[in-house]
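Heads up: the structure comes next, in structure tokens.
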Amino acid sequence: MSLNQDVEALRAISLFAKVEPSKLKLLAFTSERLTFKADEELFHQGDPGDALYIILDGEADVLLDAPNGPIKVATVGKHGFFGDIAILCNVPRTATVKATKPLETLRISKDLFYQLVTQFPQISIEIMRELAMRLDKTTRDYREAAAKLKQGA
Amino acid sequence: MEPSIFRYILKYSKRQQVMIVLVTLASLPFYYASLDVPKLIVNDALDSASSEFPLPFQILGFEFFGLDQKPLLYAYCALFLALVLINGGFKYLLNVMKGVMGERMLRRLRYQLLARALRFPLPHFRRVSSGEIIPMVTSEVEPLGGYIGDAVVLPLYQGGLLLTAIFFIFAQDFYMGAAAIALYPIQGWLIPKLQRKVNLLGKDRVKEVRKLSERIAEATQSSQEIHAHDTVRWELADFSARFGRIYDIRYRIYTLKFLAKFLNNFMSQLTPFFFFSIGGYYVIEGQLSLGALVAVLAAYKDLPGPWNELLTYYQTKEDSRIKYQQVIDQFDPPGLRDEALVGGDHETPPPLAGAIEVSNLGYSEDGDPLVDALSMTIPIGRRVALAGDAASGKGELTMLLARLIDPTAGRVTAGGVDLKSVPEALTGRRIAYVGPNTPLLSASLVDNLTYGLKHRPLRPFDYAAEVPAARRRRAMMEARLSGNAEDDCNDDWIDYGAAGAAAPEALIHAITRVLDLADMSPDVYQFGLRGTIDPLLKPDAAWRVLEARAALREQLAETDLADLVEPFDPTRYNLNATVAENLLFGTSRDDTFVGTRLAENAYVRKVLDDTGLTDDLLTMGYEVAQTMIELFADLPPEHEFFAQFSFIGSEDLPEYQALLRRTEPGKLEALAEPDRLRLLNLPFQLIPARHRLGKIDEAMRERLLVARRAFAEGLPARYRDTIAFFDPATYNGLTSLQDNILFGKVAYGKAQAAQRIGDLISQLVEALGLREIVIEVGLDFPAGIGGTRLTPVQRQKLALARALLKRPDVLILNEATASFDGPSQAHVLTSLLGEFEGRTLIWALHRASLAKYFDQVVVLKGGRVAQTGTFTELLGKDGPLSQLVSAE
């Protein structure tokens, strides 16, 4: 897996679409490429958050700890990213992420992430869009759940 | 100690002083004769009419055979030469004798001072700092050695010389003699007057310098606080004032000293004036021979020497008298521990039997009663918690029980014996004490642990191979002559039996046990993994490590963890290692082969040339430089990425940019040597798996493997010892235990690979019974000055383990675990309570709630016992304990 391939993969991600190639190369060179096997946990809810992960290939589930076993709240696929909340808000991991297929990721450390965001406003906008979409989904889920509860009651 | 330096000299060096005086007396006739010969040469051999010959040859007035003029001259000249030699010989002998005596006395004095410092009552160390004690024992007493050597003999010898010369002058002529000494009374009156002033200033100076060294010690120890509070300027102002005071005193001393010197010189120069005027008159009158006047002048030349020596002697004598006094005064604090109770050759006393009784115990500091009429009984075999607030006196009570401080009233008895009257051999061996902050020795962990077992030399060191026994005997004799200890630190002092070890080899079992009890094993284990062994000295251990290496390999293959490690294989290129590591394929002992500067080594360059790699590596270096510039050139120079990721430092980047502009691939051959080095060093840092630059392709790996073989096969003899190659079948003595077991590189790109491999290695070490070997290596870890290479908690754990190792009858802890975190605290509390079930444990707790695990709780308040009973009993009542617990 060469650096240039990594750069190509990053370029395909909307988050980095507007970032110039030389910066993507720096990003690829200074970030860590980590592979996970199926069923391996990337991190667990409550762990300290120190990095953002970008999926280059494969798929992972986002799980929430609940009294009767973990609940799956989302699936992230190729070119998706996660781990942003913990490093943006300085809180422990809000969910567990577990690989469902063999996973290729790029692990971007907190420092590197902030560096990128300050240099490339485009990335902040992309992250905002992603967060807004998640919020929209959460709100919809909540509305449905509330409606169901009302019906039940 | 003797109240004055003169009594001290008299007591310890009477015989040597007498010897020196006798030798000095024996030398005087020769000196006198050497003064006489010039006169005989002038008067008899030169100035006599030829008709008077043969004249008698005479020495000191005794006449021998008669000789003609020239033979007489030659005979006297030969005699003169012989006397010069004899006088010189005497001087040499005397100087050596004085030097030896002075140094022995100095050694004795220092030893006695230090021995007294070791008997100081502990609270005294709060009043005197090491900054004061160190200069007293080292530099302040230093001049005393010189003075003691001269103390008796200098006034005698120089006085003798002076008297001889004066006597000689008087023998020539009474008036000239009188002239020679006419001014001495004035000098003898004036100089001491000046000296007294100098003495007073000298006293001030010593005091001022002592305060200065105390302040320097304080400033260096609290440098953290100085920077934390930005008080450098205040400190410098303080030092400036102190240096100024010392300067003032020294300035006044110098002016007085030079005034004395001036007066002295002036008066000495007056005397020849008398000689020329009075002596000249007599010669003209014919009442004195010219030869006699010449001899008097020659003799007078010798007068100022001894006279000045005597005056200087007088000054040093006064100086030494004061210094001795000032030092001795500091070494006689009240409460000095009795000499008979400290040190000495004692068998280990039998175990303490009977309860510890505290009756009417009082202890006060500066009039403050900290422990006040306290009485209690601790039956043997009981685990007792002492609870109370900071002013309760529980800390002082533990120190009184361990007999570290002496009570001001009442007493502590164990089995009916008053602890105050027993030798420390009892309290220091049967009782163990650990306080809240234990300083460690600047030695290895194992030396620190066994420190509590070293009471006296038990097995003599075998000198046969190392130093000739005669040299050792001489050292012992010297020690005896200086009244120093004759014990040998090289002997084996460790009392293995006290630790429950039947033989020295069994001590390690005792040590691992106490390390477990003190929760220190995991720390020592980590030190051990990072340390290494010498496979030649410990072949068995090295063999066991190799077994672990094989077992790890097997286990990795069996589980799905195999891709976490890329093992070192001599026939394969390691993708998780740098190019340099792949080429050397070994560990370098020193900086002969440094990964980042490998191209600077001439042999490496030769290997690259021989295997035809130089050009390709140059091209690769060019490309790497290009990539680095592309990636990092836009970053600000102080950016952390340079240190973390770049092969080229920010300060070197412009140089590389210029270099790339100057040349292009294909023309690299023509580059000057420094530029070639710049490029060649870059590819050595490449790790294919990590950097993913795609430079090291399959073909390149094969060629680097060829170079690897060439490097090893052609290695010049001078480098053989500087590198240990990675060989699957041998232990690498230059790398750590952990790396020897791993024998490979942890793979990049696998999540938590390092931690998972670390866990696996720990399991293996445990399963293969290697733990003791690792612990043994970890025990060689140096603790650093005062133990500063360990964390404060590790220091405390080591101190606890040390106290446990000597298997005390009574263990006394004074808030010893206050700095521990929760789990460690719980671990140590449980293990110690288990260990001391049925033994005596007295623990002053920093949190009263911990007392619930103890057999008995004693609550102290204001230095008295407020409550005593079991925890549940006392907590049920509304009283001091429930207050303490609820306040937590």
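So you can find residues: chains in the structure tokens are A, B, ... in the order shown, residues in each start at 1, and ligands are numbered from 1 in order.
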Item to check | Test item: chain B residues at most 9 Å from chain A, counting only C-alpha atoms, as a VMD selection string | outcome: chain B and resid 630 to 632 641 644 to 645 689 to 694 748 to 751
Item to check | Surrounding residues of Ala562 (chain B) excluding itself and chain neighbours under 2 positions, 12 Å, only C-alpha atoms, as a ChimeraX atom specification | outcome: /B:552-560,564-567,744-747,750,753,756-757,760
Can I get the selection written as a PDB file, in the first residue's frame, with C-alpha atoms?
```pdb
ATOM      1  CA  LEU B 552       6.834 -16.644  21.473  1.00  0.00           C
ATOM      2  CA  ARG B 553       7.420 -17.531  17.842  1.00  0.00           C
ATOM      3  CA  GLU B 554       5.379 -20.721  18.278  1.00  0.00           C
ATOM      4  CA  GLN B 555       2.570 -18.984  20.089  1.00  0.00           C
ATOM      5  CA  LEU B 556       2.342 -16.241  17.478  1.00  0.00           C
ATOM      6  CA  ALA B 557       2.088 -18.896  14.761  1.00  0.00           C
ATOM      7  CA  GLU B 558      -0.653 -20.751  16.616  1.00  0.00           C
ATOM      8  CA  THR B 559      -2.825 -17.726  17.247  1.00  0.00           C
ATOM      9  CA  ASP B 560      -3.925 -15.104  14.743  1.00  0.00           C
ATOM     10  CA  LEU B 564       1.785  -8.316  14.731  1.00  0.00           C
ATOM     11  CA  VAL B 565       5.495  -9.108  14.657  1.00  0.00           C
ATOM     12  CA  GLU B 566       7.935  -9.373  11.827  1.00  0.00           C
ATOM     13  CA  PRO B 567      10.771 -11.519  13.173  1.00  0.00           C
ATOM     14  CA  GLY B 744      11.869  -8.795  15.549  1.00  0.00           C
ATOM     15  CA  LYS B 745       9.929  -5.646  14.895  1.00  0.00           C
ATOM     16  CA  VAL B 746       6.393  -4.893  16.018  1.00  0.00           C
ATOM     17  CA  ALA B 747       4.453  -4.411  12.785  1.00  0.00           C
ATOM     18  CA  LYS B 750      -1.862  -3.089  13.374  1.00  0.00           C
ATOM     19  CA  ALA B 753       0.220  -4.198  18.351  1.00  0.00           C
ATOM     20  CA  ARG B 756      -0.771  -6.877  22.736  1.00  0.00           C
ATOM     21  CA  ILE B 757       2.742  -8.172  22.153  1.00  0.00           C
ATOM     22  CA  LEU B 760       1.889 -11.845  25.361  1.00  0.00           C
TER      23      LEU B 760
END
```
Checklist entry - So which bits of region 38-127 of chain A end up alpha helix (DSSP H) when you DSSP the backbone, as a PyMOL selection string? => result chain A and resi 84-89+110-119+121-127
Item to check | Exercise: region 716-733 of chain B partners within 6 Å, only C-alpha atoms, chain neighbours under 3 positions left out, as a PyMOL selection string | outcome: chain B and resi 534+542+585-589
Store the residues of this selection in a file with N, CA and C atoms, as a PDB file, in the first residue's frame.
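As written to disk, selection_39.pdb reads:
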```pdb
ATOM      1  N   ASP B 534      24.660 -10.188  30.595  1.00  0.00           N
ATOM      2  CA  ASP B 534      25.834 -10.557  29.818  1.00  0.00           C
ATOM      3  C   ASP B 534      25.769 -12.074  29.616  1.00  0.00           C
ATOM      4  N   ALA B 542      20.620 -16.642  29.721  1.00  0.00           N
ATOM      5  CA  ALA B 542      20.546 -16.315  28.297  1.00  0.00           C
ATOM      6  C   ALA B 542      19.838 -17.447  27.542  1.00  0.00           C
ATOM      7  N   PHE B 585      21.939  -5.286  10.580  1.00  0.00           N
ATOM      8  CA  PHE B 585      21.335  -6.492  11.136  1.00  0.00           C
ATOM      9  C   PHE B 585      21.978  -6.881  12.458  1.00  0.00           C
ATOM     10  N   GLY B 586      22.041  -5.879  13.348  1.00  0.00           N
ATOM     11  CA  GLY B 586      22.622  -6.110  14.666  1.00  0.00           C
ATOM     12  C   GLY B 586      22.501  -4.853  15.498  1.00  0.00           C
ATOM     13  N   THR B 587      22.993  -4.913  16.751  1.00  0.00           N
ATOM     14  CA  THR B 587      22.946  -3.775  17.648  1.00  0.00           C
ATOM     15  C   THR B 587      24.347  -3.230  17.824  1.00  0.00           C
ATOM     16  N   SER B 588      24.476  -1.911  17.732  1.00  0.00           N
ATOM     17  CA  SER B 588      25.780  -1.285  17.879  1.00  0.00           C
ATOM     18  C   SER B 588      26.006  -0.914  19.336  1.00  0.00           C
ATOM     19  N   ARG B 589      27.228  -1.188  19.818  1.00  0.00           N
ATOM     20  CA  ARG B 589      27.523  -0.902  21.222  1.00  0.00           C
ATOM     21  C   ARG B 589      27.690   0.601  21.441  1.00  0.00           C
TER      22      ARG B 589
END
```
Item to check | Within 9 Å of Val73 (chain A) using only C-alpha atoms, minus same-chain residues under 6 positions, as a PyMOL selection string | outcome: chain A and resi 61-64
Checklist entry - Residues at most 7 Å from region 465-482 of chain B, counting only C-alpha atoms, excluding those fewer than 5 positions away in the same chain, as a PyMOL selection string? => result chain B and resi 104-105+107-108
Next on the checklist: If we count only C-alpha atoms and set the cut-off at 12 Å, which residues sit around Leu236 (chain B), ignoring sequence neighbours fewer than 4 positions away in its own chain? Please answer as an NGL selection string.
Outcome noted: :B and (215-216 or 219 or 226 or 230-232 or 240-244)
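Shell of Leu15 (chain A) at 10 Å, with only C-alpha atoms counted and residues fewer than 5 places along the chain excluded, is Leu10, Ile54, His79, Gly80, Phe81, Gln122, Ile123, Ser124, Ile125, Glu126, Ile127, Arg129 and Glu130 of chain A.
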Next on the checklist: I need the residues of region 8-141 of chain A that end up classed as strand (DSSP E or B) by DSSP on the backbone, written out as a ChimeraX atom specification.
Outcome noted: /A:32-36,41-43,51-57,60-64,71-76,81-82,96-99,103-109
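For the pair CA of Ser646 (chain B) and CA of Ala658 (chain B), the separation is 17.5 Å.
Taking CA of Ala803 (chain B) as the reference point, CA of Val342 (chain B) is found at 19.4 Å.
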Item to check | A:Gln45, A:Thr139, A:Thr118, A:Gln151 ranked by distance to Lys98 (chain A), top pick (using only C-alpha atoms) | outcome: A:Gln45
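For the pair CA of Tyr324 (chain B) and CA of Pro143 (chain B), the separation is 10.2 Å.
Proximity to Gly77 (chain A) was assessed for A:Ala60, A:Leu52, A:Ala17, A:Ala145 counting only C-alpha atoms; the smallest distance is recorded for A:Ala60.
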